[in-house]
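Step one of this worksheet: look at the structure below.
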Amino acid sequence: MGDRICAGCNTEIGHGRFLNCLNAFWHPECFHCHACNFPISDYEFSVSGNYRFHKSCYKERYHPKCDVCSHFIPTNPAGLIEYRAHPFWIQKYCPSHEHDGTPRCCSCERMEPQDTGYVALDDGRKLCLECLDSAVMDTKECQPLYLDIQEFYEGLNMKVEQQVPLLLVERQALNEARVGEKNGHYHMPETRGLCLSEEQTVSTILRRPSFGTGNRAMDMITEPYKLTRRCEVTAILILYGLPRLLTGSILAHEMMHAWMRLQGFQTLSQDVEEGICQVLAHMWIATQLDSSSSSDVAPTSSSGSSRIRKGKRPEFERKLGEFFKHQIESDTSPVYGDGFRAGNQAVYKYGLRRTLEHIRMTGRFPY
């Protein structure tokens with residue numbers, strides 16, 4: 001029969017059963033799977049590089065699984081593996097989940113995994129547990145963040161002189177206030193902040209909800225708040241239940257509306273006004289990420305327990321901040337997206353002060 005050397009153990013095979021495979025000879029027990037290390041006795045097997053696998057082991061290692069249902073992502077009619085992926089989080093999921101009612105987090109936009117329950121807010125929104133960790137839930141809890149934004153504006157020599165009430169509200173109250181407001185452009189499909197100029201009564205969140213059976217919000221207390229017009233701005237409303245960095249960026253945006261109205265800016269085109277407001281929101285997030293990356297101070301334990309949440313942020317919160325920046329930068333809307341990019345380019349080229357002076361005089365961004 002001639003000498004045969006096993007490609008697995010490099011010893012002579014001798015008499016008995018052997019395999020002739022992959023241009024080599026093998027003892028049956030030496031022809032084993034790289035994943036499970038058990039012999040491969042199946043007629044068909046898989047190869048990756050120089051490694052051999054049972055077909056089932058190869059699929060377990062290399063076939064992508066859905067991050068929502070944890071099943072193997074199915075092949076399409078052409079026999080190709082087809083999946084969807086979030087452009088920022090790279091969350092992979094079966095195409096069917098885009099149409100089967102799988103909820104997304106109202107903050108980070110990731111789909112809800114079937115083995116991880118998201119928190120259900122009173123107004124129908126869902127919030128993932130990571131975003132819940134830094135969520136701002138009531139008006140009192142938001143006040144330290146409001147002071148932080150005010151200091152941010154003072155640092156830019158843009159102090160808001162009037163004391164403008166800040167109220168956290170539910171989605172319905174925000175929509176009702178929007179109907180009663182004559183001015184403003186709103187980013188659909190959902191408005192998350194408003195700078196009001198009209199007198200009206202708004203239902204604000206007095207006490208944050210607790211979370212009971214099924215991760216549902218309960219026992220939230222609201223109260224009516226009558227807005228009185230003492231200047232060009234009566235209040236700033238922010239949607240409750242969003243993470244601190246997102247709440248802060250919305251507040252920085254709405255504060256810019258307030259600052260321009262109080263400074264007597266003329267009525268501007270939507271892309272200019274919303275664009276420069278987005279520039280300020282983007283700047284604030286950037287300062288938060290920069291300050292946390294350059295500090296070794298430990299973070300505080302909750303969003304409302306300290307004046308400014310300094311120190312190194314948890315890795316997810318930093319990632320969340322990068323996502324909110326990415327959202328502003330990649331927004332495709334003509335008003336918010338194109339407006340931001342034009343405004344950001346002007347501020348980069350001429351500085352914020354000269355850009356604002358040009359807007360005041362001409363109603364346009366400098367080019």
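Residues are named by chain letter and number: chains run A, B, ... in the order of the structure tokens, numbers start at 1 in each chain, and ligands are numbered from 1 in the order shown.
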- Can you pull out every residue within 9 Å of A:Ala342, counting only C-alpha atoms, but drop anything in the same chain fewer than 2 positions away, and send it as a ChimeraX atom specification? /A:271-272,275-276,337-340,344-347,365-367
Taking N, CA, C and O atoms for each residue, export the selection above as a PDB file, in the first residue's frame.
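Below you can see out33.pdb, which holds the result:
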```pdb
ATOM      1  N   ASP A 271     -33.871  77.875   7.583  1.00  0.00           N
ATOM      2  CA  ASP A 271     -32.585  77.189   7.551  1.00  0.00           C
ATOM      3  C   ASP A 271     -31.514  77.968   8.304  1.00  0.00           C
ATOM      4  O   ASP A 271     -30.619  77.366   8.915  1.00  0.00           O
ATOM      5  N   VAL A 272     -31.582  79.306   8.319  1.00  0.00           N
ATOM      6  CA  VAL A 272     -30.592  80.101   9.042  1.00  0.00           C
ATOM      7  C   VAL A 272     -30.829  80.005  10.547  1.00  0.00           C
ATOM      8  O   VAL A 272     -29.899  79.726  11.323  1.00  0.00           O
ATOM      9  N   GLY A 275     -30.464  76.384  11.680  1.00  0.00           N
ATOM     10  CA  GLY A 275     -29.079  75.978  11.455  1.00  0.00           C
ATOM     11  C   GLY A 275     -28.149  76.491  12.528  1.00  0.00           C
ATOM     12  O   GLY A 275     -27.336  75.733  13.078  1.00  0.00           O
ATOM     13  N   ILE A 276     -28.243  77.775  12.894  1.00  0.00           N
ATOM     14  CA  ILE A 276     -27.348  78.321  13.918  1.00  0.00           C
ATOM     15  C   ILE A 276     -27.693  77.756  15.291  1.00  0.00           C
ATOM     16  O   ILE A 276     -26.810  77.574  16.153  1.00  0.00           O
ATOM     17  N   GLY A 337     -30.497  70.065   8.675  1.00  0.00           N
ATOM     18  CA  GLY A 337     -29.233  69.492   8.223  1.00  0.00           C
ATOM     19  C   GLY A 337     -28.403  70.455   7.393  1.00  0.00           C
ATOM     20  O   GLY A 337     -27.260  70.782   7.746  1.00  0.00           O
ATOM     21  N   ASP A 338     -28.970  70.931   6.281  1.00  0.00           N
ATOM     22  CA  ASP A 338     -28.238  71.878   5.433  1.00  0.00           C
ATOM     23  C   ASP A 338     -27.975  73.177   6.186  1.00  0.00           C
ATOM     24  O   ASP A 338     -26.916  73.797   6.021  1.00  0.00           O
ATOM     25  N   GLY A 339     -28.943  73.595   7.017  1.00  0.00           N
ATOM     26  CA  GLY A 339     -28.750  74.806   7.813  1.00  0.00           C
ATOM     27  C   GLY A 339     -27.586  74.671   8.772  1.00  0.00           C
ATOM     28  O   GLY A 339     -26.771  75.590   8.914  1.00  0.00           O
ATOM     29  N   PHE A 340     -27.482  73.516   9.437  1.00  0.00           N
ATOM     30  CA  PHE A 340     -26.350  73.299  10.346  1.00  0.00           C
ATOM     31  C   PHE A 340     -25.024  73.340   9.597  1.00  0.00           C
ATOM     32  O   PHE A 340     -24.071  73.987  10.044  1.00  0.00           O
ATOM     33  N   ASN A 344     -22.235  75.892  10.473  1.00  0.00           N
ATOM     34  CA  ASN A 344     -20.993  75.374  11.051  1.00  0.00           C
ATOM     35  C   ASN A 344     -19.786  75.817  10.226  1.00  0.00           C
ATOM     36  O   ASN A 344     -18.732  76.161  10.773  1.00  0.00           O
ATOM     37  N   GLN A 345     -19.951  75.800   8.910  1.00  0.00           N
ATOM     38  CA  GLN A 345     -18.866  76.244   8.032  1.00  0.00           C
ATOM     39  C   GLN A 345     -18.582  77.737   8.243  1.00  0.00           C
ATOM     40  O   GLN A 345     -17.420  78.157   8.274  1.00  0.00           O
ATOM     41  N   ALA A 346     -19.631  78.523   8.421  1.00  0.00           N
ATOM     42  CA  ALA A 346     -19.447  79.964   8.645  1.00  0.00           C
ATOM     43  C   ALA A 346     -18.745  80.225   9.976  1.00  0.00           C
ATOM     44  O   ALA A 346     -17.833  81.057  10.054  1.00  0.00           O
ATOM     45  N   VAL A 347     -19.161  79.513  11.019  1.00  0.00           N
ATOM     46  CA  VAL A 347     -18.541  79.702  12.333  1.00  0.00           C
ATOM     47  C   VAL A 347     -17.080  79.254  12.302  1.00  0.00           C
ATOM     48  O   VAL A 347     -16.207  79.893  12.896  1.00  0.00           O
ATOM     49  N   PHE A 365     -26.143  83.534   6.356  1.00  0.00           N
ATOM     50  CA  PHE A 365     -24.812  83.145   6.807  1.00  0.00           C
ATOM     51  C   PHE A 365     -23.760  83.815   5.926  1.00  0.00           C
ATOM     52  O   PHE A 365     -23.983  83.974   4.721  1.00  0.00           O
ATOM     53  N   PRO A 366     -22.616  84.191   6.488  1.00  0.00           N
ATOM     54  CA  PRO A 366     -21.532  84.694   5.642  1.00  0.00           C
ATOM     55  C   PRO A 366     -20.876  83.553   4.869  1.00  0.00           C
ATOM     56  O   PRO A 366     -20.804  82.424   5.375  1.00  0.00           O
ATOM     57  N   TYR A 367     -20.419  83.824   3.660  1.00  0.00           N
ATOM     58  CA  TYR A 367     -19.774  82.777   2.847  1.00  0.00           C
ATOM     59  C   TYR A 367     -18.388  83.229   2.448  1.00  0.00           C
ATOM     60  O   TYR A 367     -18.035  84.395   2.514  1.00  0.00           O
TER      61      TYR A 367
END
```
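Shortest separation to A:Leu196 among A:Val160, A:Cys105, A:Ile221, A:Met255 occurs at residue A:Met255, atoms counted being only C-alpha atoms.
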- Which of stretch 36-82 of chain A DSSP labels strand (DSSP E or B), written as an MDAnalysis selection string: chainID A and resid 39 46:48 51:53 65 72 75 81
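Atom CA of A:Leu147 sits 17.3 Å away from atom CA of A:Ser134.
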Need the shell around stretch 50-58 of chain A: protein/DNA/RNA residues with any atom at most 8 Å away, counting only C-alpha atoms. Skip same-chain ones fewer than 3 positions apart. Format as a compact mmCIF listing (two decimals) with N, CA, C and O atoms, in the first residue's frame?
```txt
# COMPACT_ATOMS: atom_id res chain seq x y z
N HIS A 32 -10.32 16.51 12.50
CA HIS A 32 -11.30 17.01 13.46
C HIS A 32 -11.63 18.48 13.19
O HIS A 32 -10.92 19.20 12.47
N CYS A 33 -12.70 18.91 13.81
CA CYS A 33 -13.24 20.27 13.63
C CYS A 33 -12.42 21.26 14.44
O CYS A 33 -12.12 21.03 15.62
N HIS A 34 -12.09 22.38 13.83
CA HIS A 34 -11.30 23.40 14.50
C HIS A 34 -12.09 24.05 15.63
O HIS A 34 -11.49 24.58 16.58
N ALA A 35 -13.41 24.03 15.56
CA ALA A 35 -14.24 24.69 16.58
C ALA A 35 -14.50 23.79 17.79
O ALA A 35 -14.21 24.17 18.91
N CYS A 36 -15.02 22.58 17.55
CA CYS A 36 -15.41 21.71 18.66
C CYS A 36 -14.39 20.62 18.97
O CYS A 36 -14.49 19.93 19.99
N ILE A 40 -14.55 14.86 12.25
CA ILE A 40 -15.53 15.15 11.21
C ILE A 40 -15.79 13.87 10.44
O ILE A 40 -14.91 13.35 9.75
N ASP A 42 -18.88 13.58 8.70
CA ASP A 42 -19.90 13.89 7.71
C ASP A 42 -19.30 13.89 6.31
O ASP A 42 -18.11 14.15 6.11
N GLU A 44 -20.08 16.04 3.97
CA GLU A 44 -19.78 17.42 3.63
C GLU A 44 -19.27 18.15 4.87
O GLU A 44 -19.71 17.90 5.99
N PHE A 45 -18.33 19.05 4.67
CA PHE A 45 -17.80 19.86 5.76
C PHE A 45 -17.41 21.22 5.18
O PHE A 45 -17.46 21.44 3.97
N SER A 46 -17.01 22.15 6.05
CA SER A 46 -16.66 23.50 5.63
C SER A 46 -15.19 23.78 5.93
O SER A 46 -14.61 23.21 6.85
N VAL A 47 -14.61 24.66 5.13
CA VAL A 47 -13.20 25.02 5.28
C VAL A 47 -13.08 26.54 5.31
O VAL A 47 -13.73 27.25 4.53
N ARG A 61 -20.11 29.83 14.01
CA ARG A 61 -18.99 30.77 14.15
C ARG A 61 -19.07 31.93 13.16
O ARG A 61 -18.76 33.07 13.52
N TYR A 62 -19.48 31.68 11.92
CA TYR A 62 -19.35 32.69 10.87
C TYR A 62 -20.67 33.24 10.33
O TYR A 62 -20.69 34.32 9.75
N HIS A 63 -21.78 32.52 10.50
CA HIS A 63 -23.06 33.01 9.98
C HIS A 63 -23.58 34.07 10.95
O HIS A 63 -23.73 33.82 12.14
```
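The interatomic distance for the pair atom CA of A:Cys131 and atom CA of A:Pro87 works out to 18.4 Å.
Computed from the coordinates, the atom CA of A:Val68 to atom CA of A:Leu242 distance equals 22.3 Å.
Among the candidates A:Tyr240, A:Thr234, A:Cys142, A:Ala120, the residue lying nearest to A:Val169 is A:Tyr240 (atoms considered: only C-alpha atoms).
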- Item | Pick from A:Cys66, A:Cys128, A:Ala78, A:Ala281 nearest to A:Tyr93, counting only C-alpha atoms | A:Cys66
- Task: Give the answer as one residue: which of A:Ala252, A:Leu246, A:Met283, A:Cys94 has the shortest atom-to-atom distance to A:Pro74, using only C-alpha atoms?
- Result: A:Cys94
- Skipping near chain neighbours, those fewer than 2 positions away, what residues fall within 12 Å of A:Gln150 using only C-alpha atoms, listed as number ranges by chain? A: 143-148, 152-164, 166, 248, 251-256, 258-259, 284, 307-308
